[in-house]
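Below: one structure, written as structure tokens.
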Amino acid sequence: MLRYLAGRLALLGVMLGGLIVITFVVANVAPSDPAALAAGPDATRDMIETVRREYGLDQPLPAQFVRYVGDLLRGDLGRSVQTGNAVADDLRRYFPATMELVLLSMAFSVLLGVPLGMLAAVRRNRPFDHAVRVLAVSGVALPAFWAALLLQLLFAVWLGWLPTSGQLSVSTAPPNPYTGMILLDALVALDWPVFREALRYALLPSLVLALPSIAAIVRVNRAEMIEVMGADYITAARAHGVSPWRVIGWLALKNAMLPTLAMVGLRLGWTLGSSFLVETVFDWPGIGLYAVSSAIASDFKPVMGVTLAIGITFMLSNLVIDLAYGWLDPRTRTA
Amino acid sequence: MSGIALDGQPAAQPRHAPALRRLRFVVWTFSGSVSALFGLALVAAFLLLAALGPWIVPFPEDAAGAIHLAQRLQPPSALHWFGTDEMGDDILSRVVLGTRTSLWVGLTITGIASAIGVPLGIAAGYLGGLPRRVIMRVTDVFLAVPGLVLALAIVSALGAGVMHGVLALSLVWWPGYVRLIEAKALTLRSEPYVEASRTMGAGHTWILLRHILPNCVSPLIVKASMDMGLAILAVASLGFIGLGAKPPAPEWGAMISVARSYMPDWWWYSFFPGLFIFLTVLGFNLFGDGLRDTLDPRSERG
């Protein structure tokens with residue numbers, strides 16, 4: 001296990017290096033002028049030249065790369081023209097909100113996707129199975145931003161059950177920011193009214209974000225359950241008179257969960273990557289909204305900062321999933 | 001000899017019999033699935049609308065951004081089935097003509113992605129060794145950043161616009177093809193018929209052209225048809241956040257982006273373009289799924 005861990009960590013290092021190279025290439029080989037991008041949209045020619053010298057953009061690319069890596073190691077991601085803050089500080093402020101949304105939507109997709117997939121497998125080729133499969137295919141094809149607009153219209157505007165947008169009402173004081181995730185902070189502070197309110201605000205965006213993941217998890221879990229249900233040990237358990245629910249809900253599900261776990265890891269990155277669409281619709285103050293508003297204003301540094309943050313988060317979550325996999329199923333350690 | 005036609009040439013039917021039999025089998029299995037046929041119908045409708053668009057929509061000039069302020073933001077009616085937008089343009093006409101944008105966008109992205117991904121995948125899978133290690137490591141790095149995020153970064157470096165969006169998405173789309181083809185070429189390389197061919201002195205070119213490539217075609221078609229839908233969705237997503245097509249170009253995502261400020265009172269404005277995105281992506285997904293079941297039945301469904 002220790003050797004497996006070391007190998008995975010070394011791989012993570014290589015991947016991080018690759019990510020840094022990609023972001024550097026995107027920032028510097030693009031036909032647009034990086035100095036003009038860094039100086040912001042309203043900069044004069046003189047200002048651009050000053051920025052070029054100040055950021056070392058008049059030096060050869062290898063020297064620039066060394067400088068870029070050095071800045072990254074010191075946690076310096078540049079400055080946002082729009083907010084006037086250091087990008088690293090902005091990321092620290094906005095990242096927890098996105099994480100809150102992503103984690104909540106992953107919880108939704110497991111809590112809904114696994115039972116649905118399991119029941120569809122048990123009721124294979126019956127109406128329930130067909131309904132779940134239609135739902136699963138539609139979930140992948142649904143444009144997240146459109147679904148978000150429609151659900152917002154239905155539940156917030158027409159029915160008035162849930163708030164339209166934002167993370168908390170303006171009049172509510174957010175709880176003491178231990179983690180920056182309002183739901184978690186309210187839970188730690190045992191502040192139930194704020195927790196309930198934050199949950200009402202987070203419900204729609206996280207559900208919309210979860211739809212494609214629910215669909216993916218249902219598909220994997222259904223397919224795995226069908227395969228596992230045909231295994232000899234299940235037949236043996238049944239023959240020994242183990243109750244059907246124990247066979248399905250425990251013996252079979254346990255083995256069907258491994259590929260499902262891998263899918264959860266994959267979807268986490270995807271969910272992070274598409275959170276900016278949902279954040280835009282629901283005005284959710286996360287890094288997605290930050291990246292989009294920066295990109296529209298041609299404010300380049302924040303976009304690169306968000307790309308790095310999402311890439312690193314995705315790599316770390318993959319590492320955790322890989323380790324969990326290696327722990328649960330020793331056969332995968334050699335791969 | 002019933003197989004020989006009168007002029008001495010072999011008649012077409014027996015010579016192509018295996019191919020025909022295979023085609024008939026594919027059609028038979030495909031048509032056995034309701035969802036695959038539904039997907040085919042949606043894809044066919046999409047292609048038909050893209051081809052005939054300008055001749056069948058009621059107000060073709062509205063797609064270019066004509067201005068009829070007297071009839072702005074009307075609800076759906078007999079004259080304007082999907083209502084009108086803030087310029088008084090017919091939403092039905094704009095949505096239908098938007099199929100053309102989506103079609104070329106989908107074709108370009110999947111085309112460029114497979115043009116980059118397939119050769120790299122073959123090189124990695126067939127050659128093995130150092131080339132494989134290098135290619136797959138680079139691919140893994142690209143796969144470690146969610147594609148849409150990297151595309152967002154590239155577009156913000158290049159500047160907004162539908163061309164830049166398509167370019168950015170093509171640049172992040174190829175790793176999936178490398179993965180797919182590499183895995184396929186790797187297993188094909190050690191198939192007995194390929195080894196036999198090699199022992200009989202066949203060169204790399206012959207093996208690649210006769211054995212490896214033809215066997216990669218089925219999974220490639222399946223992936224490309226799925227990706228058509230996903231690429232259209234991705235471009236619409238960029239359009240929605242304001243980094244893709246610029247209004248008044250009739251692109252679905254950009255239309256919804258404008259329509260968003262007219263929610264909730266004029267909800268049909270964003271409803272219909274979104275419905276078209278949904279049906280198109282759904283169609284390509286179901287179609288690709290059906291193709292996989294017929295062309296590539298042993299592969300894993302994911």
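Lettering and numbering for the structure tokens are positional, with chains as A, B, ... in the shown order, residues counted from 1 in each chain, and ligands counted from 1 in the shown order.
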
Report as a compact mmCIF listing (two decimals) with N, CA and C atoms, in the first residue's frame the set of chain A residues whose atoms approach chain B to within 6 Å, with distances computed over only C-alpha atoms.
# COMPACT_ATOMS: atom_id res chain seq x y z
N MET A 15 1.76 15.28 -13.10
CA MET A 15 0.53 15.89 -13.62
C MET A 15 0.48 17.38 -13.30
N GLY A 18 2.65 19.21 -15.60
CA GLY A 18 1.98 19.31 -16.90
C GLY A 18 0.94 20.41 -16.91
N ALA A 141 -28.28 14.93 -21.56
CA ALA A 141 -28.48 15.82 -22.71
C ALA A 141 -29.00 17.19 -22.29
N LEU A 142 -29.41 17.33 -21.05
CA LEU A 142 -30.01 18.58 -20.60
C LEU A 142 -28.97 19.68 -20.47
N TRP A 146 -29.94 25.87 -19.05
CA TRP A 146 -31.36 25.93 -19.42
C TRP A 146 -32.21 25.30 -18.33
N TRP A 270 -16.00 16.91 -13.40
CA TRP A 270 -16.93 17.43 -14.39
C TRP A 270 -17.87 18.46 -13.75
N GLY A 273 -16.18 21.62 -13.22
CA GLY A 273 -15.98 22.30 -14.50
C GLY A 273 -17.24 22.95 -15.04
N ALA A 295 -13.56 36.64 -17.36
CA ALA A 295 -13.33 36.33 -18.77
C ALA A 295 -14.05 37.33 -19.67
N VAL A 303 -8.86 34.09 -14.54
CA VAL A 303 -9.29 32.90 -15.29
C VAL A 303 -8.23 31.81 -15.17
N GLY A 311 -8.11 22.45 -11.73
CA GLY A 311 -7.25 21.34 -12.13
C GLY A 311 -6.64 20.64 -10.93

Please provide the set of residues having any atom within 10 Å of B:Val217, restricted to only C-alpha atoms, with same-chain residues fewer than 4 positions apart removed, written as a short mmCIF file (atom, residue, chain, number, x, y, z; two decimals) with N, CA and C atoms, in the first residue's frame.
data_model
loop_
_atom_site.label_atom_id
_atom_site.label_comp_id
_atom_site.auth_asym_id
_atom_site.auth_seq_id
_atom_site.Cartn_x
_atom_site.Cartn_y
_atom_site.Cartn_z
N ILE B 181 -8.60 5.24 -29.10
CA ILE B 181 -7.89 4.56 -30.19
C ILE B 181 -6.66 3.82 -29.66
N ILE B 212 -5.41 -2.38 -38.52
CA ILE B 212 -5.65 -1.53 -37.35
C ILE B 212 -6.75 -0.51 -37.63
N LEU B 213 -6.55 0.31 -38.66
CA LEU B 213 -7.50 1.39 -38.93
C LEU B 213 -8.93 0.89 -39.15
N ILE B 221 -16.83 5.91 -34.93
CA ILE B 221 -18.13 6.44 -35.37
C ILE B 221 -19.05 6.62 -34.16
N VAL B 222 -19.03 5.64 -33.27
CA VAL B 222 -19.89 5.73 -32.09
C VAL B 222 -19.52 6.96 -31.26
N LYS B 223 -18.21 7.13 -31.00
CA LYS B 223 -17.78 8.25 -30.17
C LYS B 223 -18.09 9.58 -30.85
N LEU B 295 -22.82 -1.79 -33.64
CA LEU B 295 -21.49 -1.86 -34.27
C LEU B 295 -20.44 -2.42 -33.33
N ASP B 296 -20.60 -2.15 -32.05
CA ASP B 296 -19.51 -2.40 -31.13
C ASP B 296 -20.05 -3.04 -29.86
#

Using the chain letters and numbers from this document, which residues of stretch 8-171 of chain B does DSSP assign to helix (DSSP H, G or I), as a ChimeraX atom specification?
-> /B:12-15,17-31,34-56,60-64,69-71,91-127,129-143,147-158,162-171

Please identify all polymer residues within 10 Å of B:Pro60, counting only C-alpha atoms, omitting same-chain residues fewer than 4 positions from it, and present them as a count of residues only.
-> 14

Excluding B:Leu220 and residues on its chain fewer than 4 positions from it, collect all residues at most 12 Å away from it, counting only C-alpha atoms, and give them as a ChimeraX atom specification.
-> /B:110-111,113-115,117-118,121,176-182,184,213-216,224-227,288,291-292,295-296

Store the residues picked out above, limited to C-alpha atoms, as a compact mmCIF listing (two decimals), in the first residue's frame.
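Here's the written file part22.txt:
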# COMPACT_ATOMS: atom_id res chain seq x y z
CA THR B 110 -15.32 16.38 -33.62
CA GLY B 111 -13.42 16.57 -36.93
CA ALA B 113 -10.46 16.40 -32.31
CA SER B 114 -10.35 13.10 -34.19
CA ALA B 115 -7.79 14.42 -36.68
CA GLY B 117 -6.51 12.23 -31.51
CA VAL B 118 -6.62 9.30 -33.93
CA GLY B 121 -3.78 7.16 -30.42
CA GLY B 176 -10.72 11.33 -25.45
CA TYR B 177 -9.92 10.09 -28.96
CA VAL B 178 -6.34 9.24 -28.03
CA ARG B 179 -7.58 7.17 -25.09
CA LEU B 180 -10.15 5.35 -27.22
CA ILE B 181 -7.89 4.56 -30.19
CA GLU B 182 -4.85 3.75 -28.06
CA LYS B 184 -8.14 -0.35 -29.38
CA LEU B 213 -7.50 1.39 -38.93
CA PRO B 214 -10.53 -0.55 -40.26
CA ASN B 215 -11.08 -2.04 -36.83
CA CYS B 216 -10.96 1.39 -35.19
CA ALA B 224 -18.05 10.89 -32.88
CA SER B 225 -21.84 10.69 -32.99
CA MET B 226 -22.04 11.05 -29.20
CA ASP B 227 -19.55 13.92 -29.32
CA GLY B 288 -24.73 6.95 -30.74
CA LEU B 291 -24.87 2.51 -32.96
CA ARG B 292 -22.71 1.19 -30.15
CA LEU B 295 -21.49 -1.86 -34.27
CA ASP B 296 -19.51 -2.40 -31.13

Using only C-alpha atoms, which residues sit within 10 Å of stretch 219-229 of chain A once same-chain residues fewer than 3 positions away are excluded, as a ChimeraX atom specification?
-> /A:113-122,124,129,132-133,136-137,213-216,232-235,247-248,251-263 /B:300-302

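As for atom CA of A:Arg79 and atom CA of A:Gly17, they are spaced 22.3 Å apart.
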
Which distance in Å separates atom CA of A:Ile182 and atom CA of A:Asp283, to one decimal?
-> 15.5 Å

Which polymer residues have any atom within 12 Å of an atom of A:Gly160, counting only C-alpha atoms, with same-chain residues fewer than 6 positions away left out, as a PyMOL selection string?
-> chain A and resi 151-154+200

Output the selection as a compact mmCIF listing (two decimals), in the first residue's frame - N, CA and C atoms for each residue.
# COMPACT_ATOMS: atom_id res chain seq x y z
N LEU A 151 -36.02 25.57 -13.85
CA LEU A 151 -36.35 25.20 -12.47
C LEU A 151 -36.49 26.46 -11.60
N GLN A 152 -35.65 27.45 -11.91
CA GLN A 152 -35.74 28.73 -11.20
C GLN A 152 -37.12 29.35 -11.44
N LEU A 153 -37.56 29.29 -12.71
CA LEU A 153 -38.86 29.84 -13.08
C LEU A 153 -39.97 29.11 -12.34
N LEU A 154 -39.88 27.78 -12.31
CA LEU A 154 -40.95 26.97 -11.72
C LEU A 154 -40.99 27.11 -10.20
N ARG A 200 -32.04 26.01 1.75
CA ARG A 200 -33.07 26.40 0.78
C ARG A 200 -32.45 27.12 -0.42

Pick from B:Leu209, B:Ile109, B:Trp173, B:Phe287, whichever lies nearest to B:Leu37 using only C-alpha atoms | B:Phe287

Quote the spacing between atom CA of B:Ile67 and atom CA of B:Gly88 in Å to one decimal place.
-> 6.1 Å

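Minimum atom-to-atom distance to B:Gly244, evaluated using only C-alpha atoms, belongs to B:Leu169 out of B:Ile135, B:Leu169, B:Ala44, B:Leu107.
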